[in-house]
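**Q** Compact mmCIF, N, CA and C atoms, saved as structure05.txt, coming up:
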# COMPACT_ATOMS: atom_id res chain seq x y z
N MET A 1 0.85 -1.18 0.00
CA MET A 1 0.00 0.00 0.00
C MET A 1 0.89 1.24 0.00
N VAL A 2 0.62 2.17 -0.92
CA VAL A 2 1.39 3.41 -1.01
C VAL A 2 0.64 4.48 -0.24
N TRP A 3 1.31 5.05 0.75
CA TRP A 3 0.69 6.13 1.51
C TRP A 3 0.85 7.46 0.79
N TRP A 4 2.04 7.75 0.31
CA TRP A 4 2.27 9.00 -0.40
C TRP A 4 3.31 8.76 -1.47
N LYS A 5 2.92 8.96 -2.69
CA LYS A 5 3.83 8.64 -3.79
C LYS A 5 4.75 9.81 -4.13
N ASN A 6 4.23 11.01 -4.18
CA ASN A 6 5.01 12.17 -4.60
C ASN A 6 5.54 12.90 -3.37
N THR A 7 6.75 12.61 -2.96
CA THR A 7 7.29 13.21 -1.74
C THR A 7 7.54 14.70 -1.88
N ASP A 8 7.84 15.17 -3.08
CA ASP A 8 8.03 16.62 -3.27
C ASP A 8 6.72 17.36 -3.02
N HIS A 9 5.60 16.81 -3.47
CA HIS A 9 4.30 17.43 -3.26
C HIS A 9 3.96 17.47 -1.77
N LYS A 10 4.24 16.39 -1.06
CA LYS A 10 3.97 16.35 0.37
C LYS A 10 4.78 17.42 1.10
N GLN A 11 6.03 17.56 0.74
CA GLN A 11 6.89 18.56 1.37
C GLN A 11 6.35 19.96 1.09
N LYS A 12 5.88 20.21 -0.13
CA LYS A 12 5.32 21.50 -0.50
C LYS A 12 4.10 21.82 0.35
N ILE A 13 3.22 20.82 0.54
CA ILE A 13 2.03 21.04 1.35
C ILE A 13 2.42 21.38 2.77
N MET A 14 3.36 20.67 3.33
CA MET A 14 3.79 20.94 4.70
C MET A 14 4.41 22.33 4.80
N HIS A 15 5.07 22.77 3.75
CA HIS A 15 5.68 24.09 3.71
C HIS A 15 4.61 25.18 3.86
N GLU A 16 3.55 25.11 3.07
CA GLU A 16 2.49 26.10 3.16
C GLU A 16 1.74 26.02 4.48
N LEU A 17 1.51 24.81 4.96
CA LEU A 17 0.82 24.63 6.24
C LEU A 17 1.61 25.28 7.37
N SER A 18 2.90 25.05 7.43
CA SER A 18 3.72 25.65 8.49
C SER A 18 3.78 27.17 8.34
N MET A 19 3.71 27.67 7.10
CA MET A 19 3.68 29.12 6.88
C MET A 19 2.42 29.72 7.49
N VAL A 20 1.29 29.07 7.29
CA VAL A 20 0.02 29.56 7.83
C VAL A 20 0.03 29.51 9.35
N GLU A 21 0.57 28.45 9.91
CA GLU A 21 0.65 28.35 11.37
C GLU A 21 1.51 29.49 11.94
N GLY A 22 2.62 29.79 11.29
CA GLY A 22 3.46 30.90 11.72
C GLY A 22 2.77 32.24 11.56
N LEU A 23 2.04 32.41 10.46
CA LEU A 23 1.29 33.64 10.22
C LEU A 23 0.26 33.87 11.32
N ILE A 24 -0.45 32.84 11.71
CA ILE A 24 -1.47 32.97 12.75
C ILE A 24 -0.84 33.33 14.09
N LYS A 25 0.33 32.79 14.39
CA LYS A 25 1.03 33.17 15.64
C LYS A 25 1.37 34.66 15.63
N ILE A 26 1.86 35.14 14.49
CA ILE A 26 2.19 36.57 14.38
C ILE A 26 0.93 37.42 14.51
N LEU A 27 -0.14 37.01 13.84
CA LEU A 27 -1.40 37.75 13.92
C LEU A 27 -1.94 37.79 15.34
N ASP A 28 -1.86 36.66 16.06
CA ASP A 28 -2.32 36.62 17.45
C ASP A 28 -1.57 37.66 18.29
N LYS A 29 -0.26 37.70 18.13
CA LYS A 29 0.56 38.65 18.89
C LYS A 29 0.22 40.09 18.53
N GLU A 30 0.14 40.39 17.25
CA GLU A 30 -0.15 41.76 16.80
C GLU A 30 -1.56 42.18 17.20
N GLN A 31 -2.48 41.24 17.18
CA GLN A 31 -3.86 41.55 17.55
C GLN A 31 -3.93 41.97 19.02
N ARG A 32 -3.18 41.28 19.88
CA ARG A 32 -3.15 41.64 21.30
C ARG A 32 -2.47 42.98 21.52
N ILE A 33 -1.32 43.18 20.89
CA ILE A 33 -0.54 44.41 21.08
C ILE A 33 -1.33 45.64 20.61
N ASN A 34 -2.00 45.52 19.45
CA ASN A 34 -2.67 46.67 18.85
C ASN A 34 -4.16 46.73 19.15
N ASP A 35 -4.65 45.85 20.02
CA ASP A 35 -6.06 45.83 20.43
C ASP A 35 -7.01 45.80 19.23
N ILE A 36 -6.74 44.90 18.30
CA ILE A 36 -7.60 44.74 17.13
C ILE A 36 -8.64 43.67 17.47
N LYS A 37 -9.90 44.02 17.29
CA LYS A 37 -10.98 43.08 17.61
C LYS A 37 -11.22 42.07 16.49
N LYS A 38 -11.14 42.55 15.25
CA LYS A 38 -11.43 41.67 14.12
C LYS A 38 -10.48 41.99 12.97
N ILE A 39 -9.85 40.97 12.45
CA ILE A 39 -8.97 41.13 11.28
C ILE A 39 -9.79 40.81 10.04
N LYS A 40 -9.72 41.73 9.07
CA LYS A 40 -10.49 41.58 7.84
C LYS A 40 -9.63 41.16 6.65
N LYS A 41 -8.41 41.69 6.59
CA LYS A 41 -7.57 41.48 5.41
C LYS A 41 -6.11 41.45 5.81
N ILE A 42 -5.37 40.49 5.25
CA ILE A 42 -3.93 40.37 5.49
C ILE A 42 -3.25 40.48 4.13
N ASN A 43 -2.37 41.46 3.98
CA ASN A 43 -1.65 41.68 2.72
C ASN A 43 -0.23 41.15 2.85
N LEU A 44 0.11 40.20 1.99
CA LEU A 44 1.42 39.57 2.02
C LEU A 44 2.17 39.83 0.72
N SER A 45 3.49 39.90 0.81
CA SER A 45 4.37 39.92 -0.36
C SER A 45 5.26 38.69 -0.27
N ILE A 46 5.24 37.90 -1.34
CA ILE A 46 6.01 36.66 -1.34
C ILE A 46 6.81 36.56 -2.64
N GLY A 47 8.13 36.46 -2.50
CA GLY A 47 9.01 36.32 -3.65
C GLY A 47 8.93 34.93 -4.25
N VAL A 48 9.13 34.86 -5.57
CA VAL A 48 9.01 33.57 -6.25
C VAL A 48 10.06 32.55 -5.78
N LEU A 49 11.19 33.01 -5.27
CA LEU A 49 12.20 32.06 -4.78
C LEU A 49 11.78 31.36 -3.48
N LYS A 50 10.74 31.82 -2.84
CA LYS A 50 10.22 31.16 -1.64
C LYS A 50 9.44 29.90 -2.00
N THR A 51 9.14 29.73 -3.28
CA THR A 51 8.42 28.57 -3.83
C THR A 51 7.15 28.24 -3.04
N ILE A 52 6.38 29.26 -2.75
CA ILE A 52 5.11 29.11 -2.06
C ILE A 52 4.00 29.20 -3.11
N VAL A 53 3.07 28.26 -3.06
CA VAL A 53 1.93 28.28 -3.96
C VAL A 53 0.82 29.09 -3.29
N PRO A 54 0.51 30.29 -3.83
CA PRO A 54 -0.49 31.15 -3.18
C PRO A 54 -1.83 30.45 -2.93
N GLU A 55 -2.29 29.65 -3.87
CA GLU A 55 -3.58 28.96 -3.70
C GLU A 55 -3.55 28.01 -2.52
N SER A 56 -2.42 27.33 -2.31
CA SER A 56 -2.28 26.42 -1.17
C SER A 56 -2.26 27.20 0.13
N LEU A 57 -1.57 28.32 0.14
CA LEU A 57 -1.51 29.16 1.34
C LEU A 57 -2.91 29.63 1.71
N ILE A 58 -3.67 30.09 0.73
CA ILE A 58 -5.04 30.55 0.98
C ILE A 58 -5.91 29.40 1.46
N PHE A 59 -5.79 28.24 0.82
CA PHE A 59 -6.56 27.07 1.23
C PHE A 59 -6.31 26.71 2.69
N PHE A 60 -5.03 26.62 3.08
CA PHE A 60 -4.72 26.27 4.46
C PHE A 60 -5.15 27.35 5.44
N PHE A 61 -5.01 28.61 5.05
CA PHE A 61 -5.47 29.69 5.94
C PHE A 61 -6.96 29.58 6.17
N GLU A 62 -7.72 29.40 5.12
CA GLU A 62 -9.17 29.28 5.25
C GLU A 62 -9.55 28.04 6.07
N SER A 63 -8.85 26.94 5.87
CA SER A 63 -9.14 25.70 6.61
C SER A 63 -8.83 25.84 8.09
N ILE A 64 -7.66 26.37 8.41
CA ILE A 64 -7.24 26.50 9.80
C ILE A 64 -8.04 27.56 10.54
N SER A 65 -8.47 28.60 9.83
CA SER A 65 -9.14 29.71 10.50
C SER A 65 -10.64 29.48 10.72
N LYS A 66 -11.19 28.40 10.18
CA LYS A 66 -12.62 28.11 10.41
C LYS A 66 -12.90 27.99 11.90
N GLY A 67 -13.94 28.71 12.33
CA GLY A 67 -14.32 28.67 13.74
C GLY A 67 -13.45 29.52 14.64
N THR A 68 -12.52 30.29 14.07
CA THR A 68 -11.66 31.17 14.87
C THR A 68 -11.98 32.62 14.53
N ARG A 69 -11.32 33.54 15.18
CA ARG A 69 -11.55 34.97 14.92
C ARG A 69 -11.02 35.40 13.54
N TYR A 70 -10.31 34.54 12.86
CA TYR A 70 -9.78 34.86 11.53
C TYR A 70 -10.64 34.28 10.41
N GLU A 71 -11.76 33.67 10.77
CA GLU A 71 -12.56 32.92 9.79
C GLU A 71 -12.92 33.72 8.54
N ASN A 72 -13.28 34.96 8.66
CA ASN A 72 -13.69 35.74 7.49
C ASN A 72 -12.58 36.66 6.96
N ALA A 73 -11.41 36.55 7.52
CA ALA A 73 -10.27 37.36 7.04
C ALA A 73 -9.82 36.83 5.69
N LYS A 74 -9.39 37.73 4.82
CA LYS A 74 -8.94 37.36 3.48
C LYS A 74 -7.43 37.60 3.35
N LEU A 75 -6.77 36.63 2.73
CA LEU A 75 -5.35 36.79 2.41
C LEU A 75 -5.24 37.37 1.00
N HIS A 76 -4.47 38.43 0.89
CA HIS A 76 -4.16 39.01 -0.42
C HIS A 76 -2.66 38.87 -0.61
N ILE A 77 -2.27 38.17 -1.66
CA ILE A 77 -0.86 37.84 -1.86
C ILE A 77 -0.35 38.54 -3.11
N LYS A 78 0.72 39.30 -2.92
CA LYS A 78 1.41 39.94 -4.03
C LYS A 78 2.67 39.11 -4.30
N THR A 79 2.78 38.59 -5.51
CA THR A 79 3.95 37.79 -5.87
C THR A 79 5.04 38.72 -6.40
N ILE A 80 6.22 38.63 -5.79
CA ILE A 80 7.36 39.45 -6.18
C ILE A 80 8.23 38.65 -7.14
N PRO A 81 8.45 39.19 -8.34
CA PRO A 81 9.27 38.45 -9.32
C PRO A 81 10.74 38.42 -8.90
N LEU A 82 11.44 37.48 -9.47
CA LEU A 82 12.88 37.38 -9.26
C LEU A 82 13.57 38.40 -10.15
N GLN A 83 14.38 39.25 -9.56
CA GLN A 83 15.17 40.22 -10.32
C GLN A 83 16.63 39.98 -9.99
N ILE A 84 17.45 39.86 -11.04
CA ILE A 84 18.89 39.68 -10.84
C ILE A 84 19.64 40.78 -11.56
N TYR A 85 20.88 40.97 -11.11
CA TYR A 85 21.76 41.95 -11.74
C TYR A 85 23.09 41.26 -12.02
N CYS A 86 23.58 41.47 -13.24
CA CYS A 86 24.88 40.93 -13.63
C CYS A 86 25.87 42.09 -13.74
N SER A 87 26.90 42.06 -12.92
CA SER A 87 27.90 43.14 -12.94
C SER A 87 28.83 43.03 -14.15
N LYS A 88 28.96 41.84 -14.70
CA LYS A 88 29.84 41.64 -15.84
C LYS A 88 29.32 42.37 -17.08
N CYS A 89 28.03 42.25 -17.35
CA CYS A 89 27.48 42.93 -18.53
C CYS A 89 26.62 44.14 -18.15
N ASP A 90 26.55 44.44 -16.84
CA ASP A 90 25.82 45.59 -16.33
C ASP A 90 24.36 45.59 -16.78
N LYS A 91 23.71 44.43 -16.65
CA LYS A 91 22.32 44.29 -17.05
C LYS A 91 21.51 43.68 -15.91
N GLY A 92 20.25 44.07 -15.85
CA GLY A 92 19.31 43.47 -14.91
C GLY A 92 18.26 42.69 -15.67
N PHE A 93 17.77 41.64 -15.04
CA PHE A 93 16.77 40.78 -15.67
C PHE A 93 15.69 40.44 -14.65
N GLU A 94 14.48 40.20 -15.15
CA GLU A 94 13.38 39.82 -14.30
C GLU A 94 12.80 38.50 -14.79
N PHE A 95 12.46 37.64 -13.82
CA PHE A 95 11.87 36.34 -14.12
C PHE A 95 10.59 36.22 -13.30
N GLY A 96 9.51 35.85 -13.96
CA GLY A 96 8.23 35.70 -13.27
C GLY A 96 8.12 34.41 -12.48
N ASN A 97 8.96 33.44 -12.81
CA ASN A 97 8.97 32.18 -12.07
C ASN A 97 10.40 31.63 -12.04
N THR A 98 10.60 30.66 -11.19
CA THR A 98 11.95 30.12 -11.02
C THR A 98 12.34 29.16 -12.13
N TYR A 99 11.39 28.72 -12.93
CA TYR A 99 11.71 27.78 -14.01
C TYR A 99 12.52 28.43 -15.12
N ASP A 100 12.34 29.73 -15.29
CA ASP A 100 13.05 30.44 -16.36
C ASP A 100 14.45 30.88 -15.96
N PHE A 101 14.77 30.76 -14.67
CA PHE A 101 16.04 31.25 -14.15
C PHE A 101 17.01 30.10 -13.95
N GLY A 102 18.14 30.15 -14.64
CA GLY A 102 19.14 29.08 -14.53
C GLY A 102 20.30 29.45 -13.63
N PHE A 103 20.12 30.40 -12.72
CA PHE A 103 21.15 30.87 -11.80
C PHE A 103 22.38 31.39 -12.53
N SER A 104 22.10 32.01 -13.68
CA SER A 104 23.16 32.67 -14.44
C SER A 104 22.53 33.79 -15.26
N CYS A 105 23.38 34.70 -15.70
CA CYS A 105 22.93 35.82 -16.54
C CYS A 105 22.43 35.26 -17.87
N LYS A 106 21.26 35.69 -18.28
CA LYS A 106 20.73 35.15 -19.54
C LYS A 106 21.35 35.81 -20.77
N LYS A 107 22.16 36.86 -20.57
CA LYS A 107 22.84 37.49 -21.70
C LYS A 107 24.25 36.93 -21.90
N CYS A 108 25.05 36.93 -20.80
CA CYS A 108 26.46 36.53 -20.96
C CYS A 108 26.78 35.18 -20.30
N GLY A 109 25.86 34.62 -19.52
CA GLY A 109 26.09 33.33 -18.88
C GLY A 109 26.85 33.39 -17.57
N ASN A 110 27.21 34.58 -17.12
CA ASN A 110 27.94 34.76 -15.86
C ASN A 110 27.13 34.17 -14.70
N ILE A 111 27.79 33.36 -13.88
CA ILE A 111 27.08 32.77 -12.73
C ILE A 111 27.20 33.63 -11.47
N ASP A 112 27.99 34.67 -11.53
CA ASP A 112 28.15 35.57 -10.39
C ASP A 112 27.15 36.72 -10.51
N VAL A 113 25.87 36.39 -10.27
CA VAL A 113 24.81 37.39 -10.37
C VAL A 113 24.29 37.73 -8.98
N GLU A 114 23.73 38.91 -8.86
CA GLU A 114 23.19 39.37 -7.58
C GLU A 114 21.67 39.33 -7.63
N VAL A 115 21.07 38.67 -6.66
CA VAL A 115 19.61 38.63 -6.57
C VAL A 115 19.14 39.94 -5.93
N LYS A 116 18.32 40.68 -6.66
CA LYS A 116 17.82 41.98 -6.18
C LYS A 116 16.45 41.85 -5.52
N SER A 117 15.63 40.93 -6.00
CA SER A 117 14.32 40.68 -5.38
C SER A 117 13.87 39.27 -5.74
N GLY A 118 12.88 38.82 -5.00
CA GLY A 118 12.33 37.49 -5.23
C GLY A 118 12.46 36.58 -4.03
N THR A 119 13.12 37.08 -2.97
CA THR A 119 13.28 36.29 -1.74
C THR A 119 12.39 36.79 -0.61
N GLU A 120 11.54 37.75 -0.89
CA GLU A 120 10.71 38.39 0.14
C GLU A 120 9.70 37.42 0.73
N LEU A 121 9.39 37.64 1.97
CA LEU A 121 8.30 36.96 2.67
C LEU A 121 7.86 37.92 3.76
N CYS A 122 6.89 38.77 3.45
CA CYS A 122 6.54 39.88 4.33
C CYS A 122 5.04 40.00 4.55
N ILE A 123 4.67 40.35 5.76
CA ILE A 123 3.32 40.81 6.02
C ILE A 123 3.37 42.32 5.80
N ASP A 124 2.77 42.78 4.71
CA ASP A 124 2.82 44.20 4.37
C ASP A 124 1.89 45.02 5.26
N SER A 125 0.69 44.50 5.48
CA SER A 125 -0.27 45.21 6.32
C SER A 125 -1.38 44.26 6.73
N VAL A 126 -2.05 44.67 7.80
CA VAL A 126 -3.20 43.93 8.31
C VAL A 126 -4.31 44.96 8.51
N GLU A 127 -5.48 44.66 7.95
CA GLU A 127 -6.61 45.56 8.11
C GLU A 127 -7.61 44.96 9.05
N GLY A 128 -8.07 45.76 9.97
CA GLY A 128 -9.03 45.26 10.94
C GLY A 128 -9.73 46.39 11.65
N GLU A 129 -10.46 46.03 12.67
CA GLU A 129 -11.18 47.05 13.45
C GLU A 129 -11.10 46.72 14.92
Just give me the structure of the file as structure tokens.
**A**
Amino acid sequence: MVWWKNTDHKQKIMHELSMVEGLIKILDKEQRINDIKKIKKINLSIGVLKTIVPESLIFFFESISKGTRYENAKLHIKTIPLQIYCSKCDKGFEFGNTYDFGFSCKKCGNIDVEVKSGTELCIDSVEGE
């Protein structure tokens, strides 16, 4: 009997689940500190290099928050593209996903590139009353 065939998929699911659990801990703390009675909207910025599937994050948030004070809160996720800079050819490039990025400059092939964005994982704002 096979319990789980695709181990990469299982790891991905656990990744988003643990992200939601961490998010709720942060929200609990901020809600107490700022005396917020009800959270309505959570705005997140997530870089593509974090390899988080926004739909999975929303699914787990909605599942975990059922019956809690976060039940009707909405997650709004802004995906930050990967931006790199190559000092050798003095060019910057943007990639919408990690599949297009080969960890090298797409013009000259230099592997010594600087990641300018795409690693973010931020709670930008929380709206509530």
**Q** Looking at only N, CA and C atoms, which of A:Glu55, A:Cys89, A:His76, A:Thr68 is the one that sits closest to Ile42 (chain A)?
**A** A:His76
**Q** Could you work out how far atom N of Ser18 (chain A) lies from atom N of Val48 (chain A), giving the answer in Å with one decimal?
**A** 17.4 Å
**Q** Could you tell me how far CA of Gly118 (chain A) sits from CA of Leu23 (chain A), in Å to one decimal place?
**A**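 Distance reported for this atom pair: 19.4 Å.
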**Q** Using all atoms listed in the file, which residues sit within 8 Å of Ser45 (chain A) once same-chain residues fewer than 2 positions away are excluded, as a ChimeraX atom specification?
**A** /A:42-43,47-48,76-80,119-125
**Q** Report, in Å to a single decimal, how far apart CA of Leu17 (chain A) and CA of Leu75 (chain A) are.
**A** 14.2 Å
**Q** Of the residues A:Glu62, A:Asp90, A:Glu30, A:Asp100, which is the one nearest to Gly128 (chain A), using only C-alpha atoms?
**A**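 Nearest candidate to Gly128 (chain A) out of A:Glu62, A:Asp90, A:Glu30, A:Asp100: A:Glu30.
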**Q** Leaving out Phe60 (chain A) and any residue of its chain fewer than 6 positions from it, which residues lie within 8 Å of it when counting all atoms listed in the file, given as a PyMOL selection string?
**A** chain A and resi 16-17+20-21+54+66
**Q** Output as JSON, numbers by chain all residues of chain A that backbone DSSP marks as strand (DSSP E).
**A** {"A": [39, 40, 41, 42, 43, 44, 45, 46, 47, 74, 75, 76, 77, 78, 79, 80, 82, 83, 84, 85, 86, 91, 92, 93, 94, 95, 113, 114, 115, 116, 117, 121, 122, 123, 124, 125, 126, 127, 128]}
**Q** Which of region 10-102 of chain A counts as helix (DSSP H, G or I) under DSSP, as a PyMOL selection string please?
**A** chain A and resi 10-33+48-50+54-65+98-100
**Q** My list of candidates is A:Ile24, A:Gly102, A:Lys74, A:Asp112. Which is closest to Ile58 (chain A) when distances are computed with all atoms listed in the file?
**A**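 Of the candidates, the smallest distance to Ile58 (chain A) is held by A:Lys74.
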**Q** Between A:Glu114, A:Gly67, A:Ala73, A:Leu49, which has the minimum distance to Glu129 (chain A) (counting only C-alpha atoms)?
**A**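 Closest to Glu129 (chain A), using only C-alpha atoms: A:Ala73.
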